[in-house]
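Student: One file is attached below, target_23.txt, containing compact mmCIF, C-alpha atoms.
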```
# COMPACT_ATOMS: atom_id res chain seq x y z
CA MET A 40 151.62 93.44 130.99
CA GLY A 41 149.98 90.75 128.86
CA ASN A 42 146.81 90.90 130.99
CA VAL A 43 146.57 94.65 130.47
CA ASN A 44 146.91 94.29 126.67
CA LYS A 45 144.36 91.50 126.69
CA ALA A 46 141.92 93.59 128.71
CA MET A 47 142.44 96.62 126.45
CA ASN A 48 141.92 94.53 123.32
CA GLU A 49 138.76 93.03 124.81
CA ALA A 50 137.46 96.48 125.77
CA THR A 51 138.23 97.82 122.26
CA ARG A 52 136.47 94.85 120.66
CA LYS A 53 133.40 95.30 122.87
CA ASN A 54 133.39 99.04 122.12
CA GLN A 55 133.53 98.37 118.36
CA GLU A 56 130.70 95.83 118.63
CA PHE A 57 128.64 98.34 120.59
CA MET A 58 129.29 101.05 117.99
CA LEU A 59 128.34 98.72 115.13
CA GLU A 60 125.13 97.72 116.88
CA THR A 61 124.31 101.37 117.56
CA GLN A 62 124.90 102.23 113.90
CA ARG A 63 122.71 99.29 112.80
CA ILE A 64 119.88 100.41 115.07
CA GLN A 65 120.23 104.02 113.89
CA LEU A 66 120.10 102.92 110.24
CA GLU A 67 117.02 100.77 110.88
CA ARG A 68 115.33 103.72 112.60
CA GLN A 69 116.12 105.99 109.64
CA ILE A 70 114.69 103.43 107.21
CA HIS A 71 111.52 103.09 109.29
CA MET A 72 111.20 106.86 109.61
CA GLN A 73 111.61 107.37 105.86
CA ASN A 74 109.03 104.68 105.15
CA GLU A 75 106.60 106.23 107.61
CA MET A 76 107.10 109.64 105.99
CA ARG A 77 106.52 108.07 102.56
CA GLU A 78 103.29 106.46 103.80
CA LYS A 79 102.12 109.76 105.25
CA MET A 80 102.87 111.59 101.99
CA MET A 81 101.03 108.93 99.97
CA SER A 82 98.03 109.14 102.29
CA MET A 83 98.02 112.92 101.82
CA GLN A 84 98.07 112.46 98.04
CA ILE A 85 95.19 109.99 98.17
CA ALA A 86 93.22 112.33 100.45
CA ARG A 87 93.94 115.21 98.04
CA SER A 88 92.68 113.09 95.12
CA ARG A 89 89.50 112.27 97.02
CA GLU A 90 88.91 115.91 97.89
CA LEU A 91 89.43 116.89 94.25
CA LEU A 92 86.98 114.17 93.24
CA TYR A 93 84.28 115.65 95.49
CA TRP A 94 84.71 119.08 93.93
CA PHE A 95 84.98 117.82 90.38
CA GLY A 96 82.04 115.45 90.89
CA THR A 97 79.89 118.37 92.02
CA PHE A 98 81.01 120.43 89.03
CA TYR A 99 80.27 117.48 86.72
CA ILE A 100 76.74 117.08 88.08
CA VAL A 101 75.95 120.80 87.85
CA ALA A 102 77.47 121.07 84.35
CA GLY A 103 75.69 117.88 83.26
CA ILE A 104 72.32 119.18 84.44
CA GLY A 105 72.98 122.45 82.61
CA MET A 106 73.95 120.65 79.38
CA ILE A 107 70.92 118.37 79.52
CA ALA A 108 68.66 121.38 80.16
CA GLY A 109 70.30 123.16 77.21
CA PHE A 110 69.78 120.11 75.01
CA ARG A 111 66.08 119.93 75.96
CA ARG A 112 65.64 123.59 75.11
CA THR A 113 67.60 123.68 71.83
CA ARG A 114 67.52 120.03 70.70
CA LYS A 115 71.12 120.47 69.50
CA PRO A 116 73.26 117.42 70.34
CA GLY A 117 76.38 119.63 70.40
CA THR A 118 75.36 120.88 73.82
CA LEU A 119 76.06 117.39 75.24
CA VAL A 120 79.53 116.97 73.64
CA PRO A 121 81.48 118.35 76.65
CA LEU A 122 80.09 115.51 78.78
CA LEU A 123 82.39 113.02 77.01
CA PRO A 124 85.78 114.48 78.04
CA LEU A 125 84.38 115.50 81.45
CA SER A 126 83.30 111.87 81.96
CA PHE A 127 86.82 110.61 81.23
CA ILE A 128 88.28 113.07 83.72
CA LEU A 129 85.68 112.14 86.36
CA PHE A 130 86.27 108.39 85.97
CA TYR A 131 90.04 108.86 86.01
CA GLN A 132 89.80 110.84 89.24
CA ALA A 133 87.40 108.31 90.79
CA ASP A 134 89.76 105.47 89.88
CA LEU A 135 92.66 107.37 91.43
CA ALA A 136 90.74 108.24 94.60
CA TYR A 137 88.88 104.97 95.26
CA GLY A 138 89.85 102.45 92.58
CA SER A 139 92.91 100.36 91.88
CA LYS A 140 94.83 103.02 89.93
CA LEU A 141 97.45 103.44 92.66
CA ASN A 142 98.07 99.67 92.67
CA ARG A 143 98.49 99.70 88.89
CA ILE A 144 100.88 102.66 89.16
CA LYS A 145 102.87 100.83 91.85
CA MET A 146 103.08 97.67 89.70
CA GLU A 147 104.24 99.71 86.69
CA ALA A 148 106.87 101.43 88.86
CA GLU A 149 108.11 98.02 90.02
CA ASN A 150 108.33 96.86 86.38
CA ILE A 151 110.33 99.97 85.49
CA ILE A 152 112.76 99.33 88.34
CA LEU A 153 113.10 95.64 87.43
CA PHE A 154 113.27 95.83 83.63
CA GLU A 155 114.03 99.44 82.68
CA ARG A 156 116.40 100.53 85.43
CA ASP A 157 118.34 102.76 83.04
CA LEU A 158 115.32 105.11 82.84
CA VAL A 159 115.60 106.02 86.52
CA SER A 160 119.36 105.87 87.03
CA ILE A 161 121.12 109.05 88.03
CA PRO A 162 123.13 110.61 85.20
CA MET A 163 126.84 109.87 85.71
CA GLY A 164 126.04 107.56 88.65
CA VAL A 165 125.54 108.11 92.34
CA PRO A 166 127.68 110.92 93.75
CA THR A 167 130.65 109.83 95.83
CA PRO A 168 132.49 111.82 98.47
CA SER A 169 135.42 112.26 96.07
CA SER A 170 133.19 113.48 93.20
CA ILE A 171 131.55 115.97 95.57
CA ASP A 172 134.97 117.20 96.70
CA GLU A 173 136.09 117.56 93.07
CA ALA A 174 132.98 119.59 92.22
CA ARG A 175 133.53 121.79 95.25
CA GLU A 176 137.16 122.40 94.26
CA ARG A 177 136.13 123.25 90.67
CA GLN A 178 133.57 125.72 92.02
CA GLU A 179 136.15 127.37 94.27
CA GLU A 180 138.62 127.55 91.35
CA SER A 181 135.95 129.11 89.17
CA LYS A 182 135.21 131.71 91.83
CA ARG A 183 138.91 132.48 92.16
CA LEU A 184 139.32 132.84 88.38
CA ASN A 185 136.18 134.96 88.13
CA LYS A 186 137.52 137.27 90.82
CA LYS A 187 140.85 137.60 88.94
CA ASP A 188 138.97 138.39 85.69
CA LYS A 189 137.05 141.15 87.46
CA VAL A 190 140.29 142.65 88.81
CA VAL A 191 141.89 142.56 85.33
CA LEU A 192 138.80 144.19 83.75
CA HIS A 193 138.79 146.84 86.46
CA ASP A 194 142.49 147.60 85.82
CA LEU A 195 141.89 147.78 82.04
CA ASP A 196 138.97 150.15 82.58
CA ARG A 197 141.22 152.39 84.69
CA LEU A 198 143.94 152.41 82.05
CA TYR A 199 141.91 152.69 78.86
CA GLY A 200 138.49 153.81 80.01
CA PRO A 201 135.36 151.68 79.96
CA HIS A 202 135.19 149.16 77.09
CA GLY A 203 138.54 150.44 75.78
```
Mind turning this structure into structure tokens?

Tutor:
Amino acid sequence: MGNVNKAMNEATRKNQEFMLETQRIQLERQIHMQNEMREKMMSMQIARSRELLYWFGTFYIVAGIGMIAGFRRTRKPGTLVPLLPLSFILFYQADLAYGSKLNRIKMEAENIILFERDLVSIPMGVPTPSSIDEARERQEESKRLNKKDKVVLHDLDRLYGPHG
């Protein structure tokens, strides 16, 4: 009988080890998948920024040529004023698409996480299974009470007429 218990305990232990290893591998795969999805989303955002830069750059050149032509014709410096804000927008977009802006954003995000964690924390903390169950129960109770209120209002309307 002792050999059977020993064998069962050994089989249970091996089964638990196998399950833990399977869970560890599954968690690692999920982490890698999420990181790969994040990288793909970031690459899409960078590509979108570059595409926007092409369009805005073309607009900037055409508008700039038009403003310079207008200045030559009228000699009014006010015709060149829109070039200033358009230049800021163009350089911002170029820095985002090809410069180091994303690295600076990433460094600032790391600083926020390290030194200003309270800015990004979830209000009232991370949900727990018990807090989710409590919220679900409150919602069900609210539905039940709302249904009772409707029945009472319906009965009052029958007795006294609408809004009686």

Student: What does the structure give for the distance between atom CA of A:Met58 and atom CA of A:Ala46, in Å to one decimal?

Tutor: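 Taking atom CA of A:Met58 as the start and atom CA of A:Ala46 as the end point, the length is 18.2 Å.
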
Student: Once 3 Å is added on each side, what are the centre and the three edge lengths, in Å to one decimal, of the axis-aligned box enclosing the listed atoms of stretch 103-121 of chain A? Present them as AutoDock Vina command-line options.

Tutor:
```
--center_x 73.6 --center_y 120.3 --center_z 77.0 --size_x 21.8 --size_y 12.7 --size_z 20.9
```

Student: To one decimal in Å, tell me the separation between atom CA of A:Arg156 and atom CA of A:Gln132.

Tutor: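 Between atom CA of A:Arg156 and atom CA of A:Gln132 the gap works out to 28.8 Å.
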
Student: Report as a compact mmCIF listing (two decimals) with C-alpha atoms, in the coordinates of the input all protein, DNA and RNA residues lying within 8 Å of stretch 122-130 of chain A, evaluated on only C-alpha atoms, omitting residues in the same chain fewer than 3 positions from it.

Tutor:
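Saved to selection.txt:
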```
# COMPACT_ATOMS: atom_id res chain seq x y z
CA LEU A 92 86.98 114.17 93.24
CA PHE A 95 84.98 117.82 90.38
CA GLY A 96 82.04 115.45 90.89
CA TYR A 99 80.27 117.48 86.72
CA GLY A 103 75.69 117.88 83.26
CA LEU A 119 76.06 117.39 75.24
CA ALA A 133 87.40 108.31 90.79
CA ASP A 134 89.76 105.47 89.88
```

Student: Any idea what the distance is between atom CA of A:Glu56 and atom CA of A:Ser169?

Tutor: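 Result for atom CA of A:Glu56 versus atom CA of A:Ser169: 28.3 Å, one decimal.
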
Student: Find, counting all atoms listed in the file, the residue in A:Met72, A:Leu141, A:Leu158, A:Val120 that gets nearest to A:Met106.

Tutor: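 Ranking A:Met72, A:Leu141, A:Leu158, A:Val120 by distance to A:Met106, first place goes to A:Val120.
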
Student: Tell me which of A:Asn48, A:Ser88, A:Ser170, A:Asn150 sits closest to A:Ala136, counting all atoms listed in the file.

Tutor: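 Of A:Asn48, A:Ser88, A:Ser170, A:Asn150, the one nearest A:Ala136, counting all atoms listed in the file, is A:Ser88.
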